[in-house]
Amino acid sequence: MKLLDLHNLSQKRLAALQSAGIHHPEDLLMFFPRRYIDKSNFKPIGFLSETGEPVSVAGKVQSVNVTGYKNKRRLDVIIRDESGSMKAVYFKGWKYFINRFKKGSWVALYGTVKQYGRYMSMAHPEVDEISGPDDVEKFQSLIPIYPSNKHFSKAYITNQLVTDWVQQILSSTTVPEFLPNQILERHKFPIRDKALHYIHQPENINQSDRALERFKYEEFFLFELSMAKIKNIRISRAEGKILKPGELTKNFFNNQLPFKLTEGQKNSLKDIRVDLQSGKQMNRLIQGDVGAGKTVVAIGSMLMAVDNGMQAALMAPTEILAEQHYHTIKEYLEPLGINHRLITGSQSAPLRRDILSDIAGGTCQIAVGTHAIFQDKVEFNRLGLVVIDEQHRFGVKQRNELLLKGNNPHLLVMSATPIPRSLAMTIYSDLDISIIEGLPGGRKPIKTAVRTDKERPGVYNFLEESIKKGDQAYIVYPLIEESEAMDLKDATMGFEKLKRRFPDFRIGLLHGRLKPEEKDGIMKRFSEGEIDILVSTTVIEVGVDVPNASIMIIEHAERFGLSQLHQLRGRIGRGRKQSYCILMPGQKLSKDGRYRLKMMIDTTDGFKIAEADLKLRGPGDFLGTKQSGLPEFKYGDILEDRITLEQAKNDAWQIVRTDNELSKPEHKSLKKVFEPYFKTKAEFFGIG
Ligand code: ADP
Ligand code: MG
């Protein structure tokens with residue numbers, strides 16, 4: 001069967017369907033109603049009352065009248081059944097509705113009734129023509145309401161037409177099942193063909209709900225099956241080199257590190273150690289709130305590679321962060337005689353050549369950089385471990401591409417996006433996960449407050465006093481697009497004003513348009529205490545670590561997302577001093593904006609903030625599904641349908657464990673559906 005075999009399907013309508021991604025009859029079956037209406041609740045007209053609930057009535061048209069003047073005209077229709085009569089009233093579109101009512105014919109109306117004068121009335125009821133009182137049977141099921149768009153309207157694709165097409169397809173095809181019987185039984189899912197009937201012509205809401213549950217499960221299941229396969233492929237490809245902590249690692253932790261590790265850091269390092277000695281390739285995600293101390297964990301892991309004569313690479317999403325990691329590594333590891341190099345996109349050609357030859361020759365033991373580190377020209381001599389910091393900034397594809405460098409190096413990815421654990425385990429299920437709970441001790445919780453523009457003098461006095469005492473401050477301006485001159489103007493103007501207000505202080509300006517050397521120079525001066533106030537756009541958002549900075553003022557705070565505010569605030573509160581975060585909203589505060597500021601005052605817990613942000617923005621936006629490479633699920637919602645997702649994951653992994661190739665007879669149909677699905681995904685995940 002083809003789409004063009006459907007009744008009344010013109011080329012124009014075909015084009016409209018295609019614009020909604022419908023190319024085959026099966027696609028139309030997978031085009032689900034967005035809601036249902038229940039018109040089956042019929043009442044005799046004489047027994048109507050004002051309940052506020054919509055009801056259906058059926059009656060014969062008695063009279064059709066247009067009343068009122070000029071633009072106040074309305075259509076009054078009186079219908080009657082054996083028990084009484086009532087009125088239908090249309091104020092808008094009466095010219096259209098007048099044609100639907102012919103005196104003496106039968107109609108079914110659906111709407112809410114109200115008493116007006118003598119009559120029970122329905123304002124703007126939905127109307128269906130029927131042949132007589134017996135015809136109400138056709139309302140005995142729920143009526144699907146399909147999504148529509150302007151292409152549909154232009155091609156006159158009505159809800160009724162879609163309904164008819166779907167019926168036509170359903171009655172002429174039987175859709176095959178592909179989920180294994182065991183799964184259908186375990187979850188009591190209706191089989192695929194039946195489920196589609198339930199979706200498109202349910203007898204009750206319970207039926208359509210059950211069917212929908214199945215389709216959500218189905219898409220999660222295929223996704224999780226891919227994740228499981230990908231993980232298996234990695235494991236089978238990669239005998240991981242066995243890396244044991246040696247002299248350097250021990251020396252670092254015992255002698256170089258100026259503080260004791262937190263329990264969370266110790267636990268993560270233990271997980272990593274086990275992975276690195278397992279003989280299998282490590283694929284681990286370390287999650288920890290901002291300031292939890294992930295860098296040290298990364299350094300410790302890289303040392304285990306170096307201890308075994310291998311190279312390690314650390315990749316960061318911005319140059320500022322890469323530079324900072326480079327300096328940290330220098331400070332800790334130079335005394336141990338470890339050769340480390342920095343690669344960024346902006347280095348001169350001769351310098352770059354020198355670095356590349358160091359890496360290729362193997363003299364360089366630890367390479368730190370932006371994504372420049374994994375460009376084609378960079379060849380490692382014996383890369384044993386790759387660490388990706390702030391991994392949510394990179395795509396899954398990039399993540400996997402790195403693994404093709406060298407000989408299946410171990411992979412450690414780090415993220416401060418504290419998504420709920422169960423969710424992380426399902427969407428990153430190709431990774432193992434360790435969570436660094438808690439923050440290093442001895443820190444005072446950051447105090448957060450909202451101040452208006454009127455209160456600015458007070459805020460500046462406070463700033464002045466603190467800086468006189470030796471504190472340092474960030475003042476952050478929003479930058480929505482790096483190229484938007486407007487926002488830059490905000491920061492630049494703020495910078496000029498501050499210079500006038502605080503002529504004795506050393507004030508720096510940092511933004512994305514500066515040359516990398518300039519950015520680096522400013523950051524360095526700030527971290528060495530040579531700048532008191534750093535006026536900045538959000539380029540400092542990720543990872544920047546200057547423990548002496550204890551004040552942050554965020555201008556136009558309402559313009560930032562919650563997680564972004566949390567990331568920003570994470571730049572302070574890193575030392576022993578009491579830190580202050582002052583949120584200064586602009587004039588207009590939306591309801592969401594107000595809520596975000598309130599959340600920031602109420603908690604510093606990254607998980608709570610993430611959860612709230614997730615709710616505000618929805619998972620797609622929050623996780624940046626496009627950039628993080630997660631598929632956008634059509635029916636399921638990874639948050640609301642967490643439980644289904646979890647079940648799908650468990651089932652998928654169980655199948656892959658026992659029948660990786662899907663070669664058992666009970667998986668034959670699954671294999672047929674899964675293979676083409678996986679092919680597209682595998683390319684996508686960079687595992688070809
Ligand atoms: P993040 O997890 O956000 O990347 P960092 O690794 O930048 O955090 O660490 C934040 C700050 O805490 C750094 O200044 C670091 O030196 C310090 N730090 C890390 N671990 C500890 C610890 N166990 N005790 C005290 N300070 C620590
Ligand atoms: Mg970090």
# chains A, B, ... in the order shown; residues from 1 in each chain; ligands from 1

call {"tool": "residues_near_ligand", "arguments": {"ligand": "ligand 2", "cutoff": "10 Å", "atoms": "only C-alpha atoms and all ligand atoms", "output": "number ranges by chain"}}
result
A: 288-296, 298, 316, 321, 324-325, 389-390, 414-416, 542-545, 570-571

call {"tool": "write_last_selection", "arguments": {"atoms": "N, CA and C atoms", "output": "CSV table (one decimal), in the first residue's frame"}}
result
chain,number,residue,atom,x,y,z
A,288,GLY,N,30.1,15.4,39.4
A,288,GLY,CA,30.3,16.0,40.7
A,288,GLY,C,29.9,17.5,40.5
A,289,ASP,N,29.3,18.0,41.5
A,289,ASP,CA,28.8,19.4,41.5
A,289,ASP,C,30.0,20.3,41.2
A,290,VAL,N,29.7,21.6,40.9
A,290,VAL,CA,30.8,22.5,40.7
A,290,VAL,C,31.6,22.7,42.0
A,291,GLY,N,32.9,22.6,41.9
A,291,GLY,CA,33.7,22.8,43.1
A,291,GLY,C,34.0,21.5,43.8
A,292,ALA,N,33.5,20.4,43.3
A,292,ALA,CA,33.6,19.1,44.0
A,292,ALA,C,35.1,18.6,44.0
A,293,GLY,N,35.8,19.1,43.1
A,293,GLY,CA,37.2,18.7,43.0
A,293,GLY,C,37.5,17.6,42.0
A,294,LYS,N,37.0,17.8,40.8
A,294,LYS,CA,37.1,16.8,39.7
A,294,LYS,C,38.5,16.9,39.1
A,295,THR,N,39.1,18.1,39.1
A,295,THR,CA,40.4,18.2,38.4
A,295,THR,C,41.5,17.2,39.0
A,296,VAL,N,41.5,17.2,40.4
A,296,VAL,CA,42.5,16.3,41.0
A,296,VAL,C,42.3,14.9,40.6
A,298,ALA,N,41.1,13.8,37.8
A,298,ALA,CA,41.6,13.7,36.5
A,298,ALA,C,43.2,13.6,36.5
A,316,ALA,N,39.5,20.2,27.3
A,316,ALA,CA,38.5,21.1,27.9
A,316,ALA,C,37.8,21.9,26.9
A,321,LEU,N,39.7,27.5,30.1
A,321,LEU,CA,39.8,26.3,31.0
A,321,LEU,C,41.0,25.4,30.7
A,324,GLN,N,43.9,27.0,32.2
A,324,GLN,CA,43.9,26.9,33.7
A,324,GLN,C,44.3,25.5,34.1
A,325,HIS,N,43.8,24.5,33.4
A,325,HIS,CA,44.3,23.1,33.7
A,325,HIS,C,45.8,23.0,33.5
A,389,ASP,N,36.9,17.0,30.1
A,389,ASP,CA,36.3,17.8,31.2
A,389,ASP,C,35.0,18.5,30.7
A,390,GLU,N,34.1,18.7,31.5
A,390,GLU,CA,32.8,19.3,31.2
A,390,GLU,C,32.3,18.7,29.9
A,414,MET,N,34.1,13.9,32.5
A,414,MET,CA,33.7,14.6,33.8
A,414,MET,C,32.6,15.6,33.5
A,415,SER,N,31.7,15.7,34.4
A,415,SER,CA,30.6,16.6,34.2
A,415,SER,C,30.1,17.2,35.5
A,416,ALA,N,29.7,18.5,35.4
A,416,ALA,CA,29.1,19.1,36.6
A,416,ALA,C,27.6,19.3,36.4
A,542,VAL,N,32.5,28.2,32.8
A,542,VAL,CA,32.9,26.8,32.9
A,542,VAL,C,34.3,26.7,33.6
A,543,GLY,N,34.2,26.0,34.7
A,543,GLY,CA,35.5,25.5,35.3
A,543,GLY,C,36.5,26.4,35.9
A,544,VAL,N,36.4,27.7,35.7
A,544,VAL,CA,37.4,28.6,36.2
A,544,VAL,C,37.6,28.6,37.7
A,545,ASP,N,38.8,28.6,38.2
A,545,ASP,CA,39.1,28.3,39.6
A,545,ASP,C,40.1,29.3,40.1
A,570,GLY,N,29.4,28.9,41.1
A,570,GLY,CA,30.4,28.0,41.5
A,570,GLY,C,31.9,28.5,41.3
A,571,ARG,N,32.0,29.6,40.7
A,571,ARG,CA,33.3,30.2,40.6
A,571,ARG,C,33.8,30.8,41.9

call {"tool": "select_by_dssp", "arguments": {"residues": "range 373-616 of chain A", "states": "strand (DSSP E or B)", "output": "JSON list (two decimals) with N, CA, C and O atoms, in the first residue's frame"}}
result
[["chain", "number", "residue", "atom", "x", "y", "z"],
["A", 383, "LEU", "N", 49.01, 6.71, 23.35],
["A", 383, "LEU", "CA", 47.97, 7.33, 24.17],
["A", 383, "LEU", "C", 47.24, 6.26, 24.99],
["A", 383, "LEU", "O", 46.67, 5.33, 24.45],
["A", 384, "GLY", "N", 47.27, 6.42, 26.31],
["A", 384, "GLY", "CA", 46.66, 5.40, 27.17],
["A", 384, "GLY", "C", 45.36, 5.84, 27.81],
["A", 384, "GLY", "O", 44.52, 5.02, 28.17],
["A", 385, "LEU", "N", 45.19, 7.16, 27.98],
["A", 385, "LEU", "CA", 44.00, 7.64, 28.68],
["A", 385, "LEU", "C", 43.58, 9.00, 28.14],
["A", 385, "LEU", "O", 44.41, 9.89, 27.93],
["A", 386, "VAL", "N", 42.28, 9.14, 27.91],
["A", 386, "VAL", "CA", 41.73, 10.43, 27.50],
["A", 386, "VAL", "C", 40.78, 10.90, 28.58],
["A", 386, "VAL", "O", 39.93, 10.14, 29.03],
["A", 387, "VAL", "N", 40.96, 12.15, 29.02],
["A", 387, "VAL", "CA", 40.01, 12.73, 29.97],
["A", 387, "VAL", "C", 39.29, 13.89, 29.27],
["A", 387, "VAL", "O", 39.94, 14.73, 28.66],
["A", 388, "ILE", "N", 37.97, 13.90, 29.36],
["A", 388, "ILE", "CA", 37.22, 15.01, 28.79],
["A", 388, "ILE", "C", 36.54, 15.75, 29.92],
["A", 388, "ILE", "O", 35.72, 15.17, 30.64],
["A", 410, "HIS", "N", 41.83, 4.37, 27.39],
["A", 410, "HIS", "CA", 40.78, 4.44, 28.41],
["A", 410, "HIS", "C", 40.14, 5.82, 28.34],
["A", 410, "HIS", "O", 40.79, 6.79, 27.98],
["A", 411, "LEU", "N", 38.87, 5.88, 28.72],
["A", 411, "LEU", "CA", 38.15, 7.15, 28.64],
["A", 411, "LEU", "C", 37.56, 7.54, 29.99],
["A", 411, "LEU", "O", 36.88, 6.75, 30.65],
["A", 412, "LEU", "N", 37.83, 8.77, 30.37],
["A", 412, "LEU", "CA", 37.22, 9.32, 31.59],
["A", 412, "LEU", "C", 36.55, 10.62, 31.21],
["A", 412, "LEU", "O", 37.19, 11.50, 30.65],
["A", 413, "VAL", "N", 35.25, 10.74, 31.44],
["A", 413, "VAL", "CA", 34.60, 12.01, 31.14],
["A", 413, "VAL", "C", 34.08, 12.60, 32.45],
["A", 413, "VAL", "O", 33.70, 11.88, 33.36],
["A", 414, "MET", "N", 34.12, 13.93, 32.52],
["A", 414, "MET", "CA", 33.73, 14.58, 33.77],
["A", 414, "MET", "C", 32.65, 15.59, 33.49],
["A", 414, "MET", "O", 32.68, 16.28, 32.48],
["A", 415, "SER", "N", 31.67, 15.66, 34.39],
["A", 415, "SER", "CA", 30.58, 16.60, 34.16],
["A", 415, "SER", "C", 30.08, 17.18, 35.46],
["A", 415, "SER", "O", 30.00, 16.50, 36.47],
["A", 432, "ASP", "N", 30.04, 3.89, 32.55],
["A", 432, "ASP", "CA", 29.88, 3.60, 33.97],
["A", 432, "ASP", "C", 29.94, 4.94, 34.69],
["A", 432, "ASP", "O", 30.58, 5.87, 34.22],
["A", 433, "ILE", "N", 29.27, 5.02, 35.83],
["A", 433, "ILE", "CA", 29.18, 6.33, 36.47],
["A", 433, "ILE", "C", 29.69, 6.30, 37.91],
["A", 433, "ILE", "O", 29.36, 5.40, 38.68],
["A", 434, "SER", "N", 30.52, 7.29, 38.24],
["A", 434, "SER", "CA", 30.87, 7.50, 39.65],
["A", 434, "SER", "C", 30.42, 8.91, 40.00],
["A", 434, "SER", "O", 30.53, 9.81, 39.19],
["A", 435, "ILE", "N", 29.92, 9.05, 41.21],
["A", 435, "ILE", "CA", 29.50, 10.38, 41.62],
["A", 435, "ILE", "C", 30.36, 10.85, 42.78],
["A", 435, "ILE", "O", 30.56, 10.12, 43.76],
["A", 436, "ILE", "N", 30.91, 12.06, 42.65],
["A", 436, "ILE", "CA", 31.63, 12.65, 43.78],
["A", 436, "ILE", "C", 30.61, 13.36, 44.64],
["A", 436, "ILE", "O", 30.10, 14.41, 44.27],
["A", 447, "LYS", "N", 26.63, 32.94, 50.45],
["A", 447, "LYS", "CA", 25.40, 33.69, 50.73],
["A", 447, "LYS", "C", 24.93, 34.36, 49.45],
["A", 447, "LYS", "O", 25.72, 35.04, 48.79],
["A", 448, "THR", "N", 23.66, 34.16, 49.13],
["A", 448, "THR", "CA", 23.14, 34.70, 47.88],
["A", 448, "THR", "C", 22.00, 35.67, 48.17],
["A", 448, "THR", "O", 21.17, 35.40, 49.04],
["A", 449, "ALA", "N", 21.98, 36.80, 47.49],
["A", 449, "ALA", "CA", 20.91, 37.77, 47.69],
["A", 449, "ALA", "C", 20.54, 38.42, 46.37],
["A", 449, "ALA", "O", 21.34, 38.43, 45.43],
["A", 450, "VAL", "N", 19.31, 38.94, 46.31],
["A", 450, "VAL", "CA", 18.89, 39.70, 45.14],
["A", 450, "VAL", "C", 18.88, 41.18, 45.53],
["A", 450, "VAL", "O", 18.38, 41.54, 46.59],
["A", 472, "GLN", "N", 38.61, 39.49, 46.12],
["A", 472, "GLN", "CA", 38.50, 39.76, 44.69],
["A", 472, "GLN", "C", 37.08, 39.46, 44.23],
["A", 472, "GLN", "O", 36.38, 38.67, 44.87],
["A", 473, "ALA", "N", 36.67, 40.10, 43.14],
["A", 473, "ALA", "CA", 35.27, 39.95, 42.72],
["A", 473, "ALA", "C", 35.13, 39.74, 41.22],
["A", 473, "ALA", "O", 35.95, 40.20, 40.43],
["A", 474, "TYR", "N", 34.06, 39.00, 40.89],
["A", 474, "TYR", "CA", 33.65, 38.90, 39.49],
["A", 474, "TYR", "C", 32.39, 39.74, 39.31],
["A", 474, "TYR", "O", 31.51, 39.72, 40.18],
["A", 475, "ILE", "N", 32.30, 40.44, 38.20],
["A", 475, "ILE", "CA", 31.03, 41.06, 37.84],
["A", 475, "ILE", "C", 30.67, 40.53, 36.46],
["A", 475, "ILE", "O", 31.42, 40.69, 35.50],
["A", 476, "VAL", "N", 29.55, 39.82, 36.39],
["A", 476, "VAL", "CA", 29.24, 39.08, 35.18],
["A", 476, "VAL", "C", 28.08, 39.71, 34.42],
["A", 476, "VAL", "O", 27.06, 40.08, 35.01],
["A", 507, "ILE", "N", 40.92, 46.96, 37.68],
["A", 507, "ILE", "CA", 39.74, 46.32, 37.10],
["A", 507, "ILE", "C", 40.08, 45.75, 35.72],
["A", 507, "ILE", "O", 40.73, 46.41, 34.92],
["A", 508, "GLY", "N", 39.66, 44.52, 35.48],
["A", 508, "GLY", "CA", 39.94, 43.89, 34.18],
["A", 508, "GLY", "C", 38.64, 43.60, 33.44],
["A", 508, "GLY", "O", 37.58, 43.49, 34.04],
["A", 509, "LEU", "N", 38.74, 43.51, 32.12],
["A", 509, "LEU", "CA", 37.57, 43.18, 31.31],
["A", 509, "LEU", "C", 37.88, 41.94, 30.47],
["A", 509, "LEU", "O", 38.87, 41.90, 29.74],
["A", 510, "LEU", "N", 37.03, 40.96, 30.59],
["A", 510, "LEU", "CA", 37.24, 39.69, 29.89],
["A", 510, "LEU", "C", 36.02, 39.35, 29.06],
["A", 510, "LEU", "O", 34.90, 39.34, 29.56],
["A", 533, "ILE", "N", 38.89, 43.45, 40.45],
["A", 533, "ILE", "CA", 37.54, 43.18, 39.96],
["A", 533, "ILE", "C", 37.62, 42.73, 38.51],
["A", 533, "ILE", "O", 38.20, 43.44, 37.68],
["A", 534, "LEU", "N", 37.06, 41.57, 38.23],
["A", 534, "LEU", "CA", 37.06, 41.10, 36.86],
["A", 534, "LEU", "C", 35.65, 41.24, 36.29],
["A", 534, "LEU", "O", 34.72, 40.58, 36.74],
["A", 535, "VAL", "N", 35.53, 42.17, 35.33],
["A", 535, "VAL", "CA", 34.24, 42.32, 34.65],
["A", 535, "VAL", "C", 34.28, 41.34, 33.49],
["A", 535, "VAL", "O", 35.23, 41.31, 32.73],
["A", 536, "SER", "N", 33.22, 40.52, 33.39],
["A", 536, "SER", "CA", 33.33, 39.44, 32.42],
["A", 536, "SER", "C", 31.98, 39.09, 31.81],
["A", 536, "SER", "O", 30.93, 39.30, 32.42],
["A", 549, "ALA", "N", 38.80, 34.61, 44.97],
["A", 549, "ALA", "CA", 37.66, 35.43, 44.56],
["A", 549, "ALA", "C", 36.45, 35.01, 45.36],
["A", 549, "ALA", "O", 36.06, 33.85, 45.38],
["A", 550, "SER", "N", 35.85, 35.97, 46.10],
["A", 550, "SER", "CA", 34.76, 35.58, 47.01],
["A", 550, "SER", "C", 33.48, 36.37, 46.78],
["A", 550, "SER", "O", 32.51, 36.20, 47.50],
["A", 551, "ILE", "N", 33.51, 37.27, 45.80],
["A", 551, "ILE", "CA", 32.29, 38.03, 45.53],
["A", 551, "ILE", "C", 31.93, 37.91, 44.06],
["A", 551, "ILE", "O", 32.81, 37.98, 43.19],
["A", 552, "MET", "N", 30.65, 37.67, 43.80],
["A", 552, "MET", "CA", 30.21, 37.67, 42.42],
["A", 552, "MET", "C", 28.94, 38.49, 42.31],
["A", 552, "MET", "O", 27.99, 38.28, 43.05],
["A", 553, "ILE", "N", 28.97, 39.46, 41.39],
["A", 553, "ILE", "CA", 27.75, 40.23, 41.12],
["A", 553, "ILE", "C", 27.29, 39.83, 39.73],
["A", 553, "ILE", "O", 28.08, 39.88, 38.78],
["A", 554, "ILE", "N", 26.05, 39.38, 39.61],
["A", 554, "ILE", "CA", 25.55, 38.97, 38.30],
["A", 554, "ILE", "C", 24.52, 39.99, 37.82],
["A", 554, "ILE", "O", 23.47, 40.16, 38.44],
["A", 555, "GLU", "N", 24.87, 40.71, 36.77],
["A", 555, "GLU", "CA", 23.97, 41.72, 36.22],
["A", 555, "GLU", "C", 22.94, 41.03, 35.32],
["A", 555, "GLU", "O", 23.24, 40.03, 34.67],
["A", 580, "TYR", "N", 30.01, 35.75, 48.68],
["A", 580, "TYR", "CA", 28.70, 36.39, 48.46],
["A", 580, "TYR", "C", 28.37, 36.44, 46.98],
["A", 580, "TYR", "O", 29.21, 36.86, 46.17],
["A", 581, "CYS", "N", 27.16, 36.04, 46.66],
["A", 581, "CYS", "CA", 26.70, 36.14, 45.27],
["A", 581, "CYS", "C", 25.51, 37.10, 45.25],
["A", 581, "CYS", "O", 24.52, 36.88, 45.93],
["A", 582, "ILE", "N", 25.65, 38.18, 44.49],
["A", 582, "ILE", "CA", 24.59, 39.19, 44.45],
["A", 582, "ILE", "C", 23.95, 39.21, 43.07],
["A", 582, "ILE", "O", 24.63, 39.45, 42.07],
["A", 583, "LEU", "N", 22.68, 38.88, 43.04],
["A", 583, "LEU", "CA", 21.97, 38.82, 41.76],
["A", 583, "LEU", "C", 21.26, 40.15, 41.54],
["A", 583, "LEU", "O", 20.48, 40.59, 42.38],
["A", 584, "MET", "N", 21.56, 40.80, 40.42],
["A", 584, "MET", "CA", 20.94, 42.09, 40.14],
["A", 584, "MET", "C", 20.07, 41.99, 38.89],
["A", 584, "MET", "O", 20.58, 42.08, 37.79]]

call {"tool": "closest_residue", "arguments": {"among": "A:Asp76, A:Glu331, A:Asp307, A:Glu465", "to": "ligand 1", "atoms": "only C-alpha atoms and all ligand atoms"}}
result
A:Glu331

call {"tool": "closest_residue", "arguments": {"among": "A:Val77, A:Leu303, A:His200, A:Lys377", "to": "Arg352 in chain A", "atoms": "only C-alpha atoms"}}
result
A:Lys377

call {"tool": "residues_around", "arguments": {"residues": "Gly52 in chain A", "least_positions_apart": "4", "cutoff": "9 Å", "atoms": "only C-alpha atoms", "output": "number ranges by chain"}}
result
A: 112-114

call {"tool": "write_last_selection", "arguments": {"atoms": "N, CA, C and O atoms", "output": "compact mmCIF listing (two decimals), in the first residue's frame"}}
result
# COMPACT_ATOMS: atom_id res chain seq x y z
N THR A 112 -20.80 22.43 26.40
CA THR A 112 -21.18 22.63 27.79
C THR A 112 -22.48 23.44 27.81
O THR A 112 -22.60 24.41 27.07
N VAL A 113 -23.42 23.04 28.68
CA VAL A 113 -24.71 23.75 28.68
C VAL A 113 -24.82 24.78 29.79
O VAL A 113 -24.23 24.63 30.87
N LYS A 114 -25.57 25.81 29.46
CA LYS A 114 -25.87 26.86 30.44
C LYS A 114 -27.31 27.27 30.24
O LYS A 114 -27.81 27.24 29.11

call {"tool": "residues_around", "arguments": {"residues": "Ser153 in chain A", "least_positions_apart": "4", "cutoff": "12 Å", "atoms": "only C-alpha atoms", "output": "PyMOL selection string"}}
result
chain A and resi 12-13+16-17+147-149+157-159+161-162

call {"tool": "write_last_selection", "arguments": {"atoms": "all heavy atoms", "output": "compact mmCIF listing (two decimals), in the first residue's frame"}}
result
# COMPACT_ATOMS: atom_id res chain seq x y z
N LYS A 12 -1.20 17.70 -3.55
CA LYS A 12 -1.04 18.79 -2.59
C LYS A 12 -1.10 18.25 -1.15
O LYS A 12 -0.31 18.64 -0.29
CB LYS A 12 -2.17 19.80 -2.81
CG LYS A 12 -1.97 21.07 -2.04
CD LYS A 12 -2.97 22.12 -2.44
CE LYS A 12 -2.77 23.36 -1.57
NZ LYS A 12 -3.80 24.36 -1.82
N ARG A 13 -2.04 17.35 -0.94
CA ARG A 13 -2.16 16.75 0.40
C ARG A 13 -0.95 15.88 0.71
O ARG A 13 -0.48 15.84 1.85
CB ARG A 13 -3.45 15.95 0.50
CG ARG A 13 -4.65 16.88 0.61
CD ARG A 13 -5.94 16.15 0.66
NE ARG A 13 -7.01 17.10 0.97
CZ ARG A 13 -8.29 16.89 0.73
NH1 ARG A 13 -8.68 15.75 0.18
NH2 ARG A 13 -9.19 17.79 1.06
N ALA A 16 1.72 18.03 1.90
CA ALA A 16 1.48 18.49 3.27
C ALA A 16 1.82 17.39 4.27
O ALA A 16 2.43 17.64 5.31
CB ALA A 16 0.02 18.90 3.43
N LEU A 17 1.47 16.15 3.95
CA LEU A 17 1.80 15.03 4.84
C LEU A 17 3.31 14.88 4.96
O LEU A 17 3.86 14.69 6.04
CB LEU A 17 1.20 13.72 4.32
CG LEU A 17 -0.31 13.56 4.44
CD1 LEU A 17 -0.75 12.22 3.88
CD2 LEU A 17 -0.76 13.69 5.89
N PRO A 147 -2.75 16.14 15.49
CA PRO A 147 -2.04 17.42 15.37
C PRO A 147 -2.27 17.98 13.97
O PRO A 147 -2.49 17.22 13.02
CB PRO A 147 -0.57 17.04 15.53
CG PRO A 147 -0.54 15.66 16.05
CD PRO A 147 -1.84 15.02 15.69
N SER A 148 -2.25 19.27 13.86
CA SER A 148 -2.44 19.88 12.55
C SER A 148 -1.40 20.98 12.38
O SER A 148 -0.71 21.34 13.32
CB SER A 148 -3.84 20.46 12.47
OG SER A 148 -4.06 20.99 11.19
N ASN A 149 -1.25 21.45 11.19
CA ASN A 149 -0.35 22.59 10.97
C ASN A 149 -0.84 23.37 9.77
O ASN A 149 -1.85 23.02 9.16
CB ASN A 149 1.10 22.11 10.78
CG ASN A 149 1.25 21.23 9.56
OD1 ASN A 149 0.58 21.43 8.54
ND2 ASN A 149 2.11 20.24 9.64
N ILE A 157 -6.71 19.31 4.88
CA ILE A 157 -6.64 18.02 5.57
C ILE A 157 -7.29 18.21 6.93
O ILE A 157 -6.71 18.79 7.84
CB ILE A 157 -5.18 17.55 5.72
CG1 ILE A 157 -4.55 17.38 4.35
CG2 ILE A 157 -5.12 16.26 6.52
CD1 ILE A 157 -3.12 16.91 4.38
N THR A 158 -8.52 17.75 7.05
CA THR A 158 -9.25 17.93 8.30
C THR A 158 -8.98 16.76 9.23
O THR A 158 -8.43 15.73 8.83
CB THR A 158 -10.77 17.96 8.04
OG1 THR A 158 -11.11 16.72 7.40
CG2 THR A 158 -11.14 19.13 7.14
N ASN A 159 -9.39 16.93 10.46
CA ASN A 159 -9.26 15.85 11.43
C ASN A 159 -10.01 14.60 10.95
O ASN A 159 -9.52 13.49 11.08
CB ASN A 159 -9.82 16.33 12.77
CG ASN A 159 -9.42 15.42 13.90
OD1 ASN A 159 -8.24 15.23 14.15
ND2 ASN A 159 -10.41 14.83 14.55
N LEU A 161 -10.58 13.71 7.90
CA LEU A 161 -9.87 13.09 6.80
C LEU A 161 -8.72 12.21 7.32
O LEU A 161 -8.56 11.06 6.90
CB LEU A 161 -9.33 14.18 5.86
CG LEU A 161 -8.89 13.76 4.47
CD1 LEU A 161 -9.97 12.96 3.77
CD2 LEU A 161 -8.53 15.00 3.64
N VAL A 162 -7.96 12.74 8.27
CA VAL A 162 -6.88 11.95 8.85
C VAL A 162 -7.45 10.69 9.49
O VAL A 162 -6.95 9.58 9.31
CB VAL A 162 -6.07 12.77 9.90
CG1 VAL A 162 -4.98 11.91 10.53
CG2 VAL A 162 -5.46 14.00 9.26

call {"tool": "residues_around", "arguments": {"residues": "Ser63 in chain A", "least_positions_apart": "2", "cutoff": "12 Å", "atoms": "only C-alpha atoms", "output": "list in words"}}
result
Gly59, Lys60, Val61, Asn65, Val66, Leu75, Asp76, Val77, Ile78, Ile79, Arg80, Ser85, Met86, Lys87, Ala88, Val89, Ile98, Phe101, Lys102, Lys103, Gly104 and Ser105 of chain A

call {"tool": "residues_around", "arguments": {"residues": "Pro503 in chain A", "least_positions_apart": "5", "cutoff": "12 Å", "atoms": "only C-alpha atoms", "output": "MDAnalysis selection string"}}
result
chainID A and resid 464 495:498 532:533

call {"tool": "closest_residue", "arguments": {"among": "A:Pro317, A:Gly438, A:Gly240, A:Pro25", "to": "Phe607 in chain A", "atoms": "only C-alpha atoms"}}
result
A:Gly438

call {"tool": "residues_around", "arguments": {"residues": "Glu528 in chain A", "least_positions_apart": "5", "cutoff": "10 Å", "atoms": "only C-alpha atoms", "output": "ChimeraX atom specification"}}
result
/A:522-523,546,548

call {"tool": "closest_residue", "arguments": {"among": "A:Lys671, A:Arg353, A:Arg284, A:His566", "to": "Asp605 in chain A", "atoms": "only C-alpha atoms"}}
result
A:His566

call {"tool": "closest_residue", "arguments": {"among": "A:Ser579, A:Thr492, A:Gln167, A:Asn660", "to": "Arg443 in chain A", "atoms": "only C-alpha atoms"}}
result
A:Ser579
